[in-house]
Every structure is written in C-alpha cells, then in structure tokens.
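What follows is a short report on a single structure.
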Amino acid sequence: MSTVYIHFPMPPGDPSERDAQRAAAPARAPLLERLLARADPSRVDDWRLEAFRALAEGPEAPPAVGAAVLAAALGAEQSAAAGACAFVATPLHCVATMTSVRLPSGGLLRLEPSEADELAADFNRVFDSGGQRLIAADGSLTCVFEREVAATAKDPQQVVGRDIHEFLPSGADGAMLRRFMSEIEMWLFEHRLNRRRIATGALPITSLWLWGGGPTVSRLPTLRGAIAGADPLFAAWPALSVRPSSDSKPICGSTVIIVAQPPGTEVWQDAQAAWIVPALARLRAGSIESLDLSAGERRYRVSAGWRWRLWRRTRPWWEYFE
C-alpha cells in the first residue's frame with residue numbers, strides 16, 4: 001500500500017509550555033483540523049516503525065535508531081561489531097526546579113561539528129576504561145557499548161515540556177544506564193566546551209540523553225520511496241532524500257515526511273503547501289491509499305472518503321494529541 005506518512009512534534013507536555021507555544025504562533029491549523037476530524041485514529045508505540053514499513057520492500061524490521069546513526073556515520077560494515085550496542089546521544093539543556101528536572105522547549109541542542117568532535121574526544125579520554133566510546137559525525141553523537149545493553153528510553157522529542165525522570169531508561173540494564181548518564185552529567189558540569197558556550201550566549205549542555213539503543217548492524221535494509229526532513233533513523237538512507245523545490249517529476253510510491261516544527265508555525269505552513277496539499281491530490285487521484293498524520297503516540301489515517309465525513313466537527317489540533 002502506497003502512503004504519505006507525515007510526522008510532526010507533539011505539543012509540549014506541560015500546560016505552561018503549551019500555552020507559550022500557542023501564544024508564539026498562529027494556534028489553529030484549519031486544514032489539519034479538518035483532516036484530523038475526518039480521519040481514523042489509532043495509538044502507535046513507535047511511529048518510526050510504521051513509517052519504515054511504508055518504505056520497506058519486505059517484512060524486515062528497522063535497525064535501532066542508534067545503530068542506523070552509527071551506520072550512517074561509519075558505514076554499516078565498519079560500524080558492526082559482535083555484541084556491540086549503539087545509542088543515540090542527544091545533547092540536552094535541562095532546567096532544575098525544586099521538585100523536578102524538565103526539558104524545556106529549546107532544550108534539544110544541535111552541536112557544531114567541531115563541538116561534537118571535541119566532546120567525543122574528551123569523552124573517550126575520560127571514560128576510556130568503561131567499555132564504551134562516543135562517535136561524532138557531522139554534529140551528531142552516538143554512544144557505542146562493547147556489550148549488549150538491554151535498556152530503552154523515550155525519544156527526547158517526546159520529553160519536551162516534561163519532567164525527564166518519568167522517561168529515564170528502563171529495562172534490565174536501565175539502572176546501569178541511568179547511573180552512566182549521571183556520570184556524564186557530572187563530567188559536563190564544568191566542561192570547557194560549556195564555558196565557551198555560555199560565554200557566547202549559547203545554552204550549556206547539561207546531559208547526553210541515551211536512547212534508540214540496539215545492536216550494531218552490518219547492513220541496512222533496502223527501502224523504496226522518498227524521505228523528506230531530518231530524522232536520525234531515516235538519515236541513514238540519504239539516497240531517498242527529496243525536497244519539493246528540487247524534484248523535476250512527481251514522487252511515486254510512499255513518502256515519509258518529518259516536519260521540524262508543530263502546526264501553527266511558518267515551517268508547518270511551508271510543509272502543508274509542499275506536502276499535504278499534493279498528498280490530498282494524490283489521494284483523490286488514487287495514486288496513494290492513505291495520508292497518515294502522526295505526532296507522539298497517535299496516528300490519524302486519512303482515506304479517500306475523508307471529504308464525505310461532514311458530520312465530524314473540528315476542534316483545535318492539539319486536542320487530538322492530548
């Protein structure tokens with residue numbers, strides 16, 4: 001089944017963050033709200049798994065996000081090692097209150113390549129005897145353990161606006177990974193890179209959030225279709241990357257689009273014109289079977305008969321994801 005799968009950030013979890021978001025941008029998204037009202041909802045544990053299946057040639061499962069990031073950085077054959085496990089290491093700036101430690105909007109940090117390289121080099125010096133290393137590539141960081149680590153943690157996008165303690169690693173090795181992340185926090189506390197960032201007005205790195213862990217891979221599955229937008233998993237297939245302004249012919253087959261900003265923003269309006277409106281035209285023409293709209297742990301599937309569900313009243317888009 002060919003589909004257009006669009007994923008965007010969920011609203012911040014904390015009410016004060018949500019109010020700030022609504023005040024900062026046009027809150028309503030009329031076309032999206034009409035689509036959500038007439039779509040079929042479902043809950044999903046992993047939106048990346050759903051999107052991957054839209055592009056996969058067969059039943060093969062996707063690699064862990066960390067393994068895909070490592071494969072993109074080093075090449076799958078070079079990144080694979082028997083028993084090794086790779087986690088994405090996302091730099092965060094968290095804020096401590098009297099009762100919690102929160103990840104605010106803007107707390108997901110993007111490092112310059114030189115900053116990531118410096119951090120990885122110092123990490124590998126400090127934690128040399130621990131059986132792990134940090135790999136930097138184009139500003140991204142991957143933490144590779146020499147042995148299997150059975151622990152899971154949420155995508156940090158889903159933690160924005162919330163108390164991070166609710167989302168810390170769990171599983172058989174969850175306690176070990178939590179202790180290790182605490183050691184990293186102490187290492188970062190007065191790191192020279194943070195001192196320079198503060199001096200230039202940039203937010204300091206308070207932690208590295210380890211998530212998306214799984215065994216390293218010697219090959220990546222074959223995908224067909226197109227991918228637009230930035231995501232650590234799907235970046236491992238750069239040959240499928242497209243931009244609407246650079247395409248000389250219509251996209252055939254399934255497409256996965258990752259929108260960087262939530263509805264109501266200028267980025268969303270651009271994505272709506274570039275991807276949602278053409279997807280509806282493809283849906284009417286029968287060249288795709290569905291348009292999927294995904295955020296957080298919810299997905300809304302728009303099918304060909306969506307325009308006839310006139311009795312479904314619209315409501316603010318964020319209410320569909322609360």
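We label chains A, B, ... in the order they appear in the structure tokens, count residues from 1 in each chain, and number ligands from 1 in the order shown.
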How close does each residue of region 76-145 of chain A get to region 48-67 of chain A, giving the shortest atom pair and distance in Å to one decimal for every residue with an atom at most 6 Å away, counting only C-alpha atoms, sorted by chain and residue number, as a tab-separated table?
```
residue	atom	partner	partner_atom	distance
A:Ala86	CA	A:Gly66	CA	4.9
A:Phe87	CA	A:Gly66	CA	4.3
A:Val88	CA	A:Gly66	CA	4.6
```
Put those residues in a file: N, CA and C atoms, as an mmCIF file, in the first residue's frame.
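Just written: out17.cif:
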```cif
data_model
loop_
_atom_site.group_PDB
_atom_site.id
_atom_site.type_symbol
_atom_site.label_atom_id
_atom_site.label_comp_id
_atom_site.auth_asym_id
_atom_site.auth_seq_id
_atom_site.Cartn_x
_atom_site.Cartn_y
_atom_site.Cartn_z
ATOM 1 N N ALA A 86 24.597 0.301 20.105
ATOM 2 C CA ALA A 86 24.745 1.736 19.840
ATOM 3 C C ALA A 86 23.503 2.498 20.284
ATOM 4 N N PHE A 87 23.717 3.633 20.952
ATOM 5 C CA PHE A 87 22.647 4.530 21.392
ATOM 6 C C PHE A 87 22.881 5.914 20.785
ATOM 7 N N VAL A 88 21.813 6.578 20.385
ATOM 8 C CA VAL A 88 21.912 7.992 20.051
ATOM 9 C C VAL A 88 22.195 8.754 21.339
#
```
(request) Among the residues of region 249-305 of chain A, find those DSSP assigns to helix (DSSP H, G or I) from the backbone and print them as a ChimeraX atom specification. (result) /A:266-285
(request) Excluding Asp138 (chain A) and any residue of its chain fewer than 5 positions from it, enumerate the residues within 9 Å of it, using only C-alpha atoms, and give them as a ChimeraX atom specification. (result) /A:73,111-114,116-117
(request) Find the spatial neighbours of region 205-215 of chain A, counting only C-alpha atoms, within a cut-off of 7 Å - ignore same-chain residues fewer than 4 positions away - and output them as a VMD selection string. (result) chain A and resid 64 to 67 83 to 94 148 152 to 155 181 184 to 185 188 to 189 194
(message) Give me the residues near Val159 (chain A) as an MDAnalysis selection string, where near means some atom within 8 Å (using only C-alpha atoms) and where sequence neighbours in that chain fewer than 5 positions away do not count.
(response) chainID A and resid 13 103 154 164 167
(request) List every residue of region 9-235 of chain A that DSSP, applied to the backbone of this structure, places in strand (DSSP E), and write the result as a PyMOL selection string. (result) chain A and resi 40-43+85-92+95-96+101-102+132-137+140-145+207-215+226-228
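The shortest atom-to-atom distance to Ala29 (chain A), with only C-alpha atoms taken into account, belongs to A:Gln272 out of A:Gln261, A:Gln272, A:Thr97, A:Thr142.
Counting only C-alpha atoms and comparing A:Arg197, A:Arg312, A:Arg147, A:His191, the residue that lies closest to Asp173 (chain A) is A:Arg147.
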(request) Check the smallest atom-to-atom distance from each of A:Met98, A:Ser241, A:Pro263, A:Ala274 to Trp318 (chain A) using only C-alpha atoms, then report the winner. (result)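 Under the stated criterion, the closest residue is A:Pro263.
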(message) Nearest residue to Ala150 (chain A) out of A:Ala175, A:Ala39, A:Ala271, A:Ala72, using only C-alpha atoms?
(response)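 Selected residue with least distance to Ala150 (chain A): A:Ala175.
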